[in-house]
Structure formats: structure tokens, C-alpha cells
Amino acid sequence: MKFTTLIPNPSRFPLAAVAVMAIAFTVAACNDNESGLLGVDTNRIYTQIERLGNPLVSEVFFLKRDHGLHNTSGPQDDAGAVDAGGKIKAFVSNSGRSTTIGNTLAAVLVPDMLLVYPNRSATTAGWLSWALANGYGGRKLSDDVVDAGLTAIFGTLLDPNAGSLANLTSDNVPASVRSFSATFPYLEAPRP
């Protein structure tokens, strides 16, 4: 929630009144229940319009008509109503890839959540590292998750015997040339 403190023209009000008003606005802005002085309704209902836990799940594995179902559901629905595992396995099978690839992808992408294991070494952070290398998980800013995902599906990462479909293992967009900081917010300043 964003608050703007409005202070009236001091020439029309005594300084003490201005100070009291400024304190009142500050106290309202610090209120935990967000209903304070401005009367914000805390019984709001939000509508989820997009869900992007892991990259490419909806975009690659689901038919376009099923994107809305995936986007408006939660991870708890992935194994049931959404049938994400079935859709992943069907896509992989229809693409001529092995059942090993389909089963592995379904096992690590359902439910569709970005997992992080903070009890593991942060140096092992990276997309799907939690499942494939007992790593930290999450995503690094430098991860090329599209190429990693395409390599998992169409390369030999998950099944060395499957053969690689070289023209399908990359989106041909090079890695970012931006630099990242070791401290929050990690990104460099916006470029003009």
C-alpha cells in the first residue's frame, strides 16, 4: 500500500496543527491492518490472472485452451483438476521423446512450484537443481531457463540415450550481458 503525506499550506494553519496532521498520517501509514485513517478495505478479493512457478510449463506442455485453467488454479490442483503430469507426459510422448523424459519432467514439475531448499548450499542454486543435483533450487538471475527447459525436453540431459534434437534445444537468445550485484536488489541500474 502506498501512502502520500499531504501537508497543508503552513501559512494558513498553525505549525502545531500541521505537525499533528503529519503524525496522524504517519501513524495511519504504519497500521498493520491497512484499514487505518484512509479506510482501506481489508476484505479485498484478488483474481489470479497468471501463474509462473516454473518456466515453460503452461507455455510448452499445455494446449492454448488450457492456459486459463492452469493460470487460475493453484499448485494444489496440478495433480487433479489440471492434470499437469498427464499433459506433460502426453506432450513429451507426442514429440517422440522417451518415457524417461516424460516421467522425470512430470515428477519435478508437478506441482508447478519454484522450490528452494535453504538447508542446501546456496552455491548450488539454479532452476531444477533441487531435483537433478540435490541442489538449492530456485532460480539465479543468470539462469537461461528457456534453454535449460528446452534442453531437458529435447536434449540428452534427462535421458542420455534419447538423442538430441539440436534445433529445439535453444531459443537462440544469448545469455544476458548485464552484470548482477551481490547485494539486493541485485540488478544494475536501469539503462536509459
# chains A, B, ... in the order shown; residues from 1 in each chain; ligands from 1
$ closest_atom_pairs --of "segment 69-167 of chain A" --to "segment 41-65 of chain A" --cutoff "6 Å" --atoms "only C-alpha atoms" --output "JSON lines"
{"residue": "A:Asn71", "atom": "CA", "partner": "A:Glu50", "partner_atom": "CA", "distance": 4.7}
{"residue": "A:Thr72", "atom": "CA", "partner": "A:Gln48", "partner_atom": "CA", "distance": 5.7}
{"residue": "A:Ile88", "atom": "CA", "partner": "A:Phe61", "partner_atom": "CA", "distance": 5.3}
{"residue": "A:Phe91", "atom": "CA", "partner": "A:Phe61", "partner_atom": "CA", "distance": 5.8}
{"residue": "A:Asp112", "atom": "CA", "partner": "A:Gly53", "partner_atom": "CA", "distance": 5.5}
{"residue": "A:Met113", "atom": "CA", "partner": "A:Gly53", "partner_atom": "CA", "distance": 4.6}
{"residue": "A:Leu114", "atom": "CA", "partner": "A:Gly53", "partner_atom": "CA", "distance": 5.0}
$ atom_distance --atom1 "atom CA of Ile153 of chain A" --atom2 "atom CA of Phe180 of chain A"
28.6 Å
$ closest_atom_pairs --of "segment 137-160 of chain A" --to "segment 98-108 of chain A" --cutoff "9 Å" --atoms "only C-alpha atoms" --output "CSV"
residue,atom,partner,partner_atom,distance
A:Ala152,CA,A:Ile101,CA,7.7
A:Ile153,CA,A:Ile101,CA,6.7
A:Phe154,CA,A:Ile101,CA,8.9
A:Leu157,CA,A:Ile101,CA,8.8
A:Leu158,CA,A:Ile101,CA,5.7
A:Asp159,CA,A:Ile101,CA,6.2
$ write_last_selection --atoms "N, CA and C atoms" --output "PDB file, in the first residue's frame"
ATOM      1  N   ALA A 152      16.150 -29.920 -21.457  1.00  0.00           N
ATOM      2  CA  ALA A 152      15.589 -31.037 -20.685  1.00  0.00           C
ATOM      3  C   ALA A 152      14.606 -31.832 -21.531  1.00  0.00           C
ATOM      4  N   ILE A 153      13.824 -31.155 -22.336  1.00  0.00           N
ATOM      5  CA  ILE A 153      12.814 -31.837 -23.152  1.00  0.00           C
ATOM      6  C   ILE A 153      13.435 -32.470 -24.398  1.00  0.00           C
ATOM      7  N   PHE A 154      14.212 -31.699 -25.134  1.00  0.00           N
ATOM      8  CA  PHE A 154      14.673 -32.132 -26.459  1.00  0.00           C
ATOM      9  C   PHE A 154      16.148 -32.509 -26.525  1.00  0.00           C
ATOM     10  N   LEU A 157      19.822 -34.326 -21.465  1.00  0.00           N
ATOM     11  CA  LEU A 157      20.004 -34.064 -20.034  1.00  0.00           C
ATOM     12  C   LEU A 157      19.316 -35.122 -19.162  1.00  0.00           C
ATOM     13  N   LEU A 158      18.080 -35.461 -19.470  1.00  0.00           N
ATOM     14  CA  LEU A 158      17.317 -36.384 -18.631  1.00  0.00           C
ATOM     15  C   LEU A 158      17.372 -37.826 -19.099  1.00  0.00           C
ATOM     16  N   ASP A 159      17.798 -38.039 -20.326  1.00  0.00           N
ATOM     17  CA  ASP A 159      17.917 -39.392 -20.862  1.00  0.00           C
ATOM     18  C   ASP A 159      19.041 -39.398 -21.901  1.00  0.00           C
TER      19      ASP A 159
END
$ residues_around --residues "segment 172-176 of chain A" --least-positions-apart "5" --cutoff "10 Å" --atoms "only C-alpha atoms" --output "list in words"
Leu141, Ser142, Asp143, Asp144, Val146, Asp147 and Asn167 of chain A
$ atom_distance --atom1 "atom CA of Leu115 of chain A" --atom2 "atom CA of Val145 of chain A"
14.3 Å
$ residues_around --residues "Glu188 of chain A" --least-positions-apart "6" --cutoff "12 Å" --atoms "only C-alpha atoms" --output "VMD selection string"
chain A and resid 141 177 to 182
$ residues_around --residues "Thr151 of chain A" --least-positions-apart "5" --cutoff "9 Å" --atoms "only C-alpha atoms" --output "ChimeraX atom specification"
/A:146,156-158,164-166,168-170
$ write_last_selection --atoms "N, CA and C atoms" --output "mmCIF file, in the first residue's frame"
data_model
loop_
_atom_site.group_PDB
_atom_site.id
_atom_site.type_symbol
_atom_site.label_atom_id
_atom_site.label_comp_id
_atom_site.auth_asym_id
_atom_site.auth_seq_id
_atom_site.Cartn_x
_atom_site.Cartn_y
_atom_site.Cartn_z
ATOM 1 N N VAL A 146 14.881 -20.866 -20.304
ATOM 2 C CA VAL A 146 14.251 -21.345 -21.538
ATOM 3 C C VAL A 146 15.154 -22.382 -22.193
ATOM 4 N N THR A 156 19.671 -34.344 -24.194
ATOM 5 C CA THR A 156 20.030 -35.608 -23.533
ATOM 6 C C THR A 156 20.190 -35.457 -22.022
ATOM 7 N N LEU A 157 19.822 -34.326 -21.465
ATOM 8 C CA LEU A 157 20.004 -34.064 -20.034
ATOM 9 C C LEU A 157 19.316 -35.122 -19.162
ATOM 10 N N LEU A 158 18.080 -35.461 -19.470
ATOM 11 C CA LEU A 158 17.317 -36.384 -18.631
ATOM 12 C C LEU A 158 17.372 -37.826 -19.099
ATOM 13 N N SER A 164 19.629 -35.988 -29.128
ATOM 14 C CA SER A 164 19.337 -34.560 -29.006
ATOM 15 C C SER A 164 18.751 -34.027 -30.307
ATOM 16 N N LEU A 165 17.693 -33.253 -30.182
ATOM 17 C CA LEU A 165 17.118 -32.568 -31.340
ATOM 18 C C LEU A 165 17.688 -31.143 -31.318
ATOM 19 N N ALA A 166 18.858 -31.002 -31.902
ATOM 20 C CA ALA A 166 19.675 -29.793 -31.759
ATOM 21 C C ALA A 166 18.929 -28.500 -32.075
ATOM 22 N N LEU A 168 16.013 -27.733 -31.453
ATOM 23 C CA LEU A 168 14.957 -27.454 -30.488
ATOM 24 C C LEU A 168 15.476 -27.254 -29.063
ATOM 25 N N THR A 169 16.780 -27.243 -28.878
ATOM 26 C CA THR A 169 17.324 -27.136 -27.520
ATOM 27 C C THR A 169 17.678 -25.707 -27.113
ATOM 28 N N SER A 170 17.359 -24.740 -27.932
ATOM 29 C CA SER A 170 17.673 -23.351 -27.596
ATOM 30 C C SER A 170 16.671 -22.417 -28.258
#
